[in-house]
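**Student:** So that you have it, the file is structure06.tsv, and it contains TSV, C-alpha atoms and all ligand atoms:
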```
chain	number	residue	atom	x	y	z
G	1	MET	CA	49.55	17.80	-89.12
G	2	SER	CA	48.88	15.69	-86.06
G	3	PHE	CA	50.04	16.61	-82.61
G	4	GLY	CA	49.16	15.44	-79.15
G	5	LYS	CA	47.32	17.03	-76.30
G	6	ILE	CA	49.09	20.05	-74.88
G	7	ILE	CA	49.88	19.67	-71.21
G	8	ASP	CA	51.24	22.52	-69.09
G	9	LYS	CA	53.89	22.29	-66.40
G	10	LYS	CA	51.31	21.49	-63.70
G	11	ASN	CA	49.99	18.67	-65.88
G	12	ASN	CA	46.83	20.62	-66.59
G	13	ASP	CA	45.30	20.73	-70.00
G	14	LEU	CA	45.15	24.48	-70.61
G	15	SER	CA	42.41	24.05	-73.20
G	16	LYS	CA	40.02	23.10	-70.35
G	17	ARG	CA	40.30	26.68	-69.12
G	18	ILE	CA	39.05	28.09	-72.39
G	19	ASP	CA	35.42	29.13	-72.44
G	20	LYS	CA	34.31	27.50	-75.69
G	21	GLN	CA	31.39	29.92	-75.93
G	22	ARG	CA	33.69	32.95	-76.04
G	23	VAL	CA	36.41	31.89	-78.43
G	24	PRO	CA	37.29	34.75	-80.80
G	25	GLU	CA	35.73	34.17	-84.19
G	26	HIS	CA	38.60	35.87	-86.00
G	27	VAL	CA	42.23	35.73	-84.84
G	28	ALA	CA	44.99	37.64	-86.64
G	29	ILE	CA	48.65	36.78	-86.13
G	30	ILE	CA	51.92	38.59	-86.82
G	31	MET	CA	54.29	35.63	-86.98
G	32	ASP	CA	57.46	37.37	-85.88
G	33	GLY	CA	60.89	36.19	-84.78
G	34	ASN	CA	61.84	33.59	-87.38
G	35	GLY	CA	65.14	35.25	-88.21
G	36	ARG	CA	66.14	35.78	-84.58
G	37	TRP	CA	65.26	32.20	-83.71
G	38	ALA	CA	67.57	30.89	-86.41
G	39	THR	CA	70.38	33.35	-85.68
G	40	LYS	CA	70.30	32.38	-81.97
G	41	LYS	CA	70.90	28.82	-83.02
G	42	GLY	CA	73.72	29.80	-85.39
G	43	LEU	CA	71.59	28.88	-88.41
G	44	PRO	CA	70.73	30.84	-91.56
G	45	ARG	CA	67.55	32.96	-91.13
G	46	THR	CA	65.76	30.79	-93.68
G	47	PHE	CA	65.75	27.89	-91.20
G	48	GLY	CA	63.52	30.04	-89.00
G	49	HIS	CA	61.01	30.53	-91.81
G	50	ASN	CA	61.03	26.81	-92.47
G	51	LYS	CA	60.32	25.97	-88.82
G	52	GLY	CA	57.70	28.75	-88.87
G	53	VAL	CA	55.68	26.81	-91.40
G	54	SER	CA	55.28	23.80	-89.09
G	55	VAL	CA	54.19	26.15	-86.29
G	56	LEU	CA	51.63	27.70	-88.61
G	57	LYS	CA	50.24	24.23	-89.34
G	58	GLU	CA	49.91	23.57	-85.61
G	59	ILE	CA	48.10	26.86	-85.03
G	60	ILE	CA	45.73	26.29	-87.96
G	61	LYS	CA	44.80	22.96	-86.45
G	62	ALA	CA	44.43	24.51	-82.98
G	63	SER	CA	42.18	27.28	-84.34
G	64	LYS	CA	39.98	24.71	-86.01
G	65	LYS	CA	39.75	22.65	-82.84
G	66	LEU	CA	38.56	25.71	-80.94
G	67	SER	CA	36.03	26.47	-83.70
G	68	CYS	CA	37.57	29.81	-84.63
G	69	LYS	CA	36.07	30.81	-87.95
G	70	VAL	CA	38.85	32.96	-89.41
G	71	LEU	CA	42.63	32.95	-89.01
G	72	THR	CA	44.55	35.74	-90.73
G	73	VAL	CA	48.35	35.53	-90.81
G	74	TYR	CA	50.94	38.05	-91.95
G	75	ALA	CA	53.32	36.06	-94.14
G	76	PHE	CA	54.94	38.80	-96.25
G	77	SER	CA	54.57	42.55	-95.88
G	78	THR	CA	55.04	45.20	-98.54
G	79	GLU	CA	58.17	46.16	-96.57
G	80	ASN	CA	59.66	42.64	-96.72
G	81	TRP	CA	60.90	43.27	-100.29
G	82	SER	CA	63.73	45.28	-98.73
G	83	ARG	CA	65.28	42.09	-97.28
G	84	PRO	CA	68.25	40.48	-99.04
G	85	THR	CA	67.19	38.97	-102.40
G	86	GLN	CA	68.21	35.53	-101.21
G	87	GLU	CA	65.77	35.67	-98.29
G	88	VAL	CA	62.94	37.10	-100.42
G	89	ASP	CA	63.48	34.36	-103.01
G	90	TYR	CA	63.52	31.75	-100.27
G	91	LEU	CA	60.21	32.97	-98.88
G	92	ILE	CA	58.60	33.05	-102.34
G	93	ASN	CA	59.76	29.47	-103.01
G	94	LEU	CA	58.60	28.43	-99.56
G	95	PHE	CA	55.08	29.72	-100.24
G	96	SER	CA	54.93	27.68	-103.49
G	97	GLU	CA	56.37	24.58	-101.88
G	98	VAL	CA	54.11	24.72	-98.83
G	99	LEU	CA	51.02	25.21	-100.96
G	100	ARG	CA	52.00	22.39	-103.31
G	101	ASN	CA	52.66	20.00	-100.40
G	102	GLU	CA	49.83	20.96	-98.09
G	103	ILE	CA	46.89	21.96	-100.26
G	104	LYS	CA	45.45	18.44	-100.33
G	105	GLU	CA	45.35	18.26	-96.54
G	106	ILE	CA	44.09	21.84	-96.25
G	107	HIS	CA	41.22	20.86	-98.55
G	108	GLN	CA	40.55	17.60	-96.68
G	109	GLU	CA	40.35	19.61	-93.45
G	110	SER	CA	37.68	21.73	-95.16
G	111	ILE	CA	39.80	24.88	-94.82
G	112	LYS	CA	39.21	27.71	-97.26
G	113	ILE	CA	42.44	29.50	-98.13
G	114	LYS	CA	42.54	33.07	-99.38
G	115	PHE	CA	45.52	35.29	-100.17
G	116	ILE	CA	45.24	38.93	-99.24
G	117	GLY	CA	47.55	41.49	-100.80
G	118	ASP	CA	48.87	42.61	-104.16
G	119	LEU	CA	49.97	39.45	-105.95
G	120	THR	CA	51.19	41.33	-109.06
G	121	PRO	CA	54.95	41.20	-108.34
G	122	PHE	CA	55.03	37.48	-107.55
G	123	PRO	CA	56.25	34.94	-110.13
G	124	GLU	CA	53.62	33.42	-112.41
G	125	ASN	CA	54.08	29.91	-111.00
G	126	LEU	CA	53.30	31.12	-107.45
G	127	LYS	CA	50.28	33.10	-108.66
G	128	LYS	CA	49.01	30.00	-110.43
G	129	ILE	CA	49.34	27.83	-107.32
G	130	ILE	CA	47.62	30.53	-105.26
G	131	TYR	CA	44.67	30.85	-107.67
G	132	ASN	CA	44.32	27.06	-107.91
G	133	SER	CA	44.40	26.68	-104.12
G	134	GLU	CA	41.81	29.42	-103.65
G	135	SER	CA	39.60	27.90	-106.29
G	136	LEU	CA	39.90	24.34	-104.95
G	137	THR	CA	38.99	25.36	-101.40
G	138	LYS	CA	36.46	28.13	-102.10
G	139	ASN	CA	33.44	26.21	-100.78
G	140	ASN	CA	35.12	24.90	-97.62
G	141	GLU	CA	33.60	25.99	-94.37
G	142	SER	CA	35.49	24.77	-91.31
G	143	LEU	CA	38.00	27.64	-91.19
G	144	LEU	CA	38.90	30.58	-93.42
G	145	LEU	CA	42.68	30.96	-93.59
G	146	ASN	CA	43.70	34.39	-94.89
G	147	VAL	CA	47.37	34.57	-95.81
G	148	CYS	CA	48.54	38.17	-96.19
G	149	VAL	CA	51.30	38.43	-98.77
G	150	ASN	CA	52.73	41.64	-100.19
G	151	TYR	CA	50.17	43.20	-97.91
G	152	GLY	CA	50.30	46.65	-96.33
G	153	GLY	CA	47.50	48.24	-94.33
G	154	ARG	CA	48.18	51.78	-95.54
G	155	GLN	CA	48.34	50.65	-99.16
G	156	GLU	CA	45.00	48.88	-98.72
G	157	ILE	CA	43.39	52.02	-97.28
G	158	VAL	CA	44.80	54.23	-100.07
G	159	LYS	CA	43.42	51.81	-102.69
G	160	VAL	CA	39.97	51.96	-101.12
G	161	ALA	CA	40.13	55.77	-101.03
G	162	LYS	CA	41.12	55.84	-104.71
G	163	ARG	CA	38.30	53.48	-105.70
G	164	LEU	CA	35.72	55.51	-103.82
G	165	ALA	CA	37.07	58.75	-105.32
G	166	LEU	CA	36.79	57.23	-108.78
G	167	LYS	CA	33.24	56.01	-108.15
G	168	SER	CA	32.36	59.48	-106.95
G	169	SER	CA	33.97	61.17	-109.96
G	170	ILE	CA	31.87	59.09	-112.37
G	171	GLY	CA	28.71	59.71	-110.37
G	172	GLU	CA	28.32	56.16	-109.09
G	173	ILE	CA	28.28	57.36	-105.48
G	174	LYS	CA	27.92	60.75	-103.79
G	175	PRO	CA	30.76	61.91	-101.46
G	176	SER	CA	28.15	62.16	-98.72
G	177	GLU	CA	27.48	58.43	-99.06
G	178	VAL	CA	31.03	57.50	-98.03
G	179	ASN	CA	30.81	55.92	-94.60
G	180	GLU	CA	32.44	53.06	-92.67
G	181	GLU	CA	30.15	50.47	-94.19
G	182	LEU	CA	30.95	51.55	-97.75
G	183	PHE	CA	34.65	51.73	-96.92
G	184	ASN	CA	34.51	48.22	-95.44
G	185	SER	CA	32.88	46.90	-98.59
G	186	GLU	CA	35.95	47.88	-100.62
G	187	LEU	CA	38.54	46.33	-98.30
G	188	LEU	CA	40.38	43.12	-99.18
G	189	THR	CA	38.68	41.61	-96.13
G	190	LYS	CA	35.17	42.57	-97.25
G	191	GLY	CA	32.52	40.27	-95.83
G	192	ILE	CA	34.77	39.13	-92.96
G	193	ASN	CA	34.26	40.36	-89.40
G	194	ASP	CA	37.21	42.26	-87.92
G	195	PRO	CA	39.63	40.25	-85.76
G	196	GLU	CA	38.69	40.22	-82.09
G	197	LEU	CA	42.24	39.22	-81.23
G	198	LEU	CA	45.66	40.10	-82.65
G	199	ILE	CA	48.60	37.97	-81.54
G	200	ARG	CA	52.14	39.14	-82.17
G	201	THR	CA	55.04	36.91	-81.27
G	202	SER	CA	58.66	37.75	-80.38
G	203	GLY	CA	57.81	40.49	-77.90
G	204	GLU	CA	57.63	43.32	-80.43
G	205	LYS	CA	54.88	45.82	-79.65
G	206	ARG	CA	54.03	47.16	-83.10
G	207	ILE	CA	51.26	46.66	-85.64
G	208	SER	CA	53.74	46.97	-88.54
G	209	ASN	CA	51.24	48.08	-91.20
G	210	PHE	CA	49.04	45.02	-90.61
G	211	LEU	CA	45.24	45.32	-91.03
G	212	LEU	CA	45.26	48.96	-89.91
G	213	TRP	CA	41.55	49.49	-90.49
G	214	GLN	CA	40.41	46.07	-89.30
G	215	LEU	CA	42.35	46.08	-86.00
G	216	ALA	CA	40.67	49.27	-84.71
G	217	TYR	CA	39.05	47.49	-81.76
G	218	SER	CA	41.00	44.22	-81.60
G	219	GLU	CA	42.51	43.03	-78.35
G	220	ILE	CA	46.29	42.79	-78.71
G	221	TYR	CA	48.27	39.95	-77.16
G	222	ILE	CA	52.05	40.12	-77.28
G	223	SER	CA	53.87	36.84	-76.74
G	224	ASP	CA	57.57	36.94	-75.96
G	225	VAL	CA	57.97	33.57	-77.64
G	226	LEU	CA	59.62	33.65	-81.08
G	227	TRP	CA	57.28	32.33	-83.79
G	228	PRO	CA	59.24	29.09	-84.43
G	229	ASP	CA	58.83	28.24	-80.71
G	230	PHE	CA	55.15	29.21	-80.59
G	231	ASN	CA	52.72	26.31	-80.24
G	232	GLU	CA	49.20	25.30	-79.31
G	233	PHE	CA	49.91	25.83	-75.61
G	234	GLU	CA	51.04	29.43	-76.22
G	235	PHE	CA	48.02	29.95	-78.47
G	236	HIS	CA	45.73	28.77	-75.68
G	237	LYS	CA	47.42	31.24	-73.32
G	238	ALA	CA	46.58	34.02	-75.76
G	239	ILE	CA	42.94	32.92	-75.97
G	240	ILE	CA	42.62	32.70	-72.17
G	241	ASP	CA	44.17	36.14	-71.82
G	242	TYR	CA	41.75	37.48	-74.43
G	243	GLN	CA	38.85	35.99	-72.49
G	244	SER	CA	39.95	37.90	-69.39
G	245	ARG	CA	39.67	41.25	-71.17
G	246	ASN	CA	36.85	43.68	-70.71
G	247	ARG	CA	35.92	44.69	-74.25
G	248	ARG	CA	34.17	48.04	-74.05
G	249	PHE	CA	34.50	49.36	-77.62
G	250	GLY	CA	34.86	52.89	-76.26
G	251	GLY	CA	31.85	52.50	-73.98
G	252	ILE	CA	31.74	51.76	-70.27
G	253	GLU	CA	29.64	48.61	-70.04
G	254	SER	CA	31.48	45.54	-68.82
G	255	LEU	CA	30.81	42.72	-71.28
G	256	GLN	CA	33.08	40.13	-69.70
G	257	ASP	CA	34.54	39.93	-66.25
G	258	GLU	CA	36.20	36.53	-66.04
G	259	SER	CA	39.91	36.69	-65.46
G	260	CYS	CA	42.85	34.41	-65.93
G	261	ASN	CA	44.85	35.47	-62.95
G	262	ASP	CA	47.14	32.61	-62.15
G	263	SER	CA	50.70	32.37	-63.35
G	264	SER	CA	50.10	29.38	-65.63
G	265	CYS	CA	48.42	31.57	-68.19
G	266	SER	CA	50.39	34.78	-67.91
G	267	SER	CA	52.84	35.48	-70.70
G	301	LIG	C1	58.78	37.20	-89.61
G	301	LIG	O1	59.97	36.83	-88.98
G	301	LIG	C2	58.30	36.16	-90.53
G	301	LIG	C3	58.20	36.30	-91.88
G	301	LIG	C4	58.56	37.54	-92.59
G	301	LIG	C5	57.74	35.18	-92.74
G	301	LIG	C6	56.66	34.33	-92.16
G	301	LIG	C7	56.35	33.25	-93.11
G	301	LIG	C8	56.09	31.98	-92.77
G	301	LIG	C9	56.05	31.47	-91.38
G	301	LIG	C10	55.78	31.00	-93.87
G	301	LIG	C11	54.29	30.94	-94.09
G	301	LIG	C12	54.00	30.12	-95.28
G	301	LIG	C13	52.80	30.08	-95.90
G	301	LIG	C14	52.61	29.29	-97.13
G	301	LIG	C15	51.65	30.83	-95.42
G	301	LIG	P1	61.25	37.72	-89.21
G	301	LIG	O2	62.01	37.15	-90.37
G	301	LIG	O3	60.87	39.13	-89.37
G	301	LIG	O4	62.05	37.47	-87.90
G	301	LIG	P2	63.00	38.52	-87.16
G	301	LIG	O5	62.14	39.63	-86.70
G	301	LIG	O6	63.55	37.70	-86.04
G	301	LIG	O7	64.05	38.93	-88.13
```
Please render this file's structure as structure tokens.
**Tutor:**
Amino acid sequence: MSFGKIIDKKNNDLSKRIDKQRVPEHVAIIMDGNGRWATKKGLPRTFGHNKGVSVLKEIIKASKKLSCKVLTVYAFSTENWSRPTQEVDYLINLFSEVLRNEIKEIHQESIKIKFIGDLTPFPENLKKIIYNSESLTKNNESLLLNVCVNYGGRQEIVKVAKRLALKSSIGEIKPSEVNEELFNSELLTKGINDPELLIRTSGEKRISNFLLWQLAYSEIYISDVLWPDFNEFEFHKAIIDYQSRNRRFGGIESLQDESCNDSSCSS
């Protein structure tokens, strides 16, 4: 997982422009563009997913270096089942293979890995590797890596609504007690602060059913770079852009006013 210092075209280390005191604690990423990257190169789409894994490793390492606390990535959506069986099978095998090959290093790096989504339809061998990986790394503290698989934001919200309705019907809670805090406590991300920053690669400007509740106030950064071409440098650009935003949460007070206004960090 090693890689050198990232140097931009002007020979500047972009990481020096990052305010280490204002790095987002939780970054969420929609890793998009694997298929297009491969197709552009005349390769099967699966090659894009394969290259995407090495990019993910680079970004995990970069997040850790910046002392981000949580990285949440969208690896397989509830809608991805509609892809050709061959591609779905490839992705499922890839998850198993990557976990088998990388879990030792993930653990050594003190990364805690958690899978978010409905694991029911996945093959038993994958579920076993997932549970073992989660169990092995559960006490690690350097970075929490949430991998969203068979995840859908609407499905998550409906499940929470059902659970609260059930609790109400058996008298465990009163309908009047349902509030944002209670709702949060039933989400798959319970106990984790919402992402301050969402990065989506490949230029698409959609949320695509990702963390619908949790992204309510996240800053969104769209990178035109396809995920297999994304790297630490592009990640730093996203962080610098985030640090130039004025996060008001619906209010009017300016919390931050620094800006990244030269071309080396515009996307
Ligand atoms: C989106 O690109 C990417 C995916 C659906 C899969 C992402 C998965 C990985 C990078 C592997 C991660 C592995 C682990 C173990 C976490 P796309 O296929 O939708 O690309 P397109 O929009 O160009 O078609």
**Student:** Enumerate residues in contact with ligand LIG 301 (chain G): an atom-to-atom distance of at most 6 Å, counting all atoms listed in the file. Format the result as a VMD selection string.
**Tutor:** chain G and resid 31 to 36 49 52 to 53 75 to 76 95 98 to 99 147
**Student:** Quick one: distance from atom CA of G:Lys190 to atom CA of G:Trp213 in Å, one decimal?
**Tutor:**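 It comes out at 11.6 Å.
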**Student:** Between atom CA of G:Asp241 and atom CA of G:Tyr221, what distance in Å does the model show, to one decimal?
**Tutor:**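 For atom CA of G:Asp241 relative to atom CA of G:Tyr221, the distance reads 7.7 Å.
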**Student:** In Å, how far is it from atom CA of G:Asn184 to atom CA of G:Lys64?
**Tutor:**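 Distance reported for this atom pair: 25.9 Å.
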**Student:** Counting all atoms listed in the file, select every polymer residue within 8 Å of (65.6, 26.1, -86.1) as defined in the file's coordinates, and provide the selection as number ranges by chain.
**Tutor:** G: 37-38, 41, 43, 47-48, 50-51, 228
**Student:** So which residues touch G:Thr78 within 8 Å, counting all atoms listed in the file, skipping near sequence neighbours fewer than 2 positions away, as number ranges by chain?
**Tutor:** G: 76, 80-81, 149-152
**Student:** Please, what is the axis-aligned box for every listed atom of stretch 97-108 of chain G with 3 Å on each side, as centre and edge lengths in Å to one decimal, as lines of an AutoDock Vina configuration file?
**Tutor:**
```
center_x = 48.5
center_y = 21.4
center_z = -99.8
size_x = 21.8
size_y = 13.6
size_z = 13.1
```
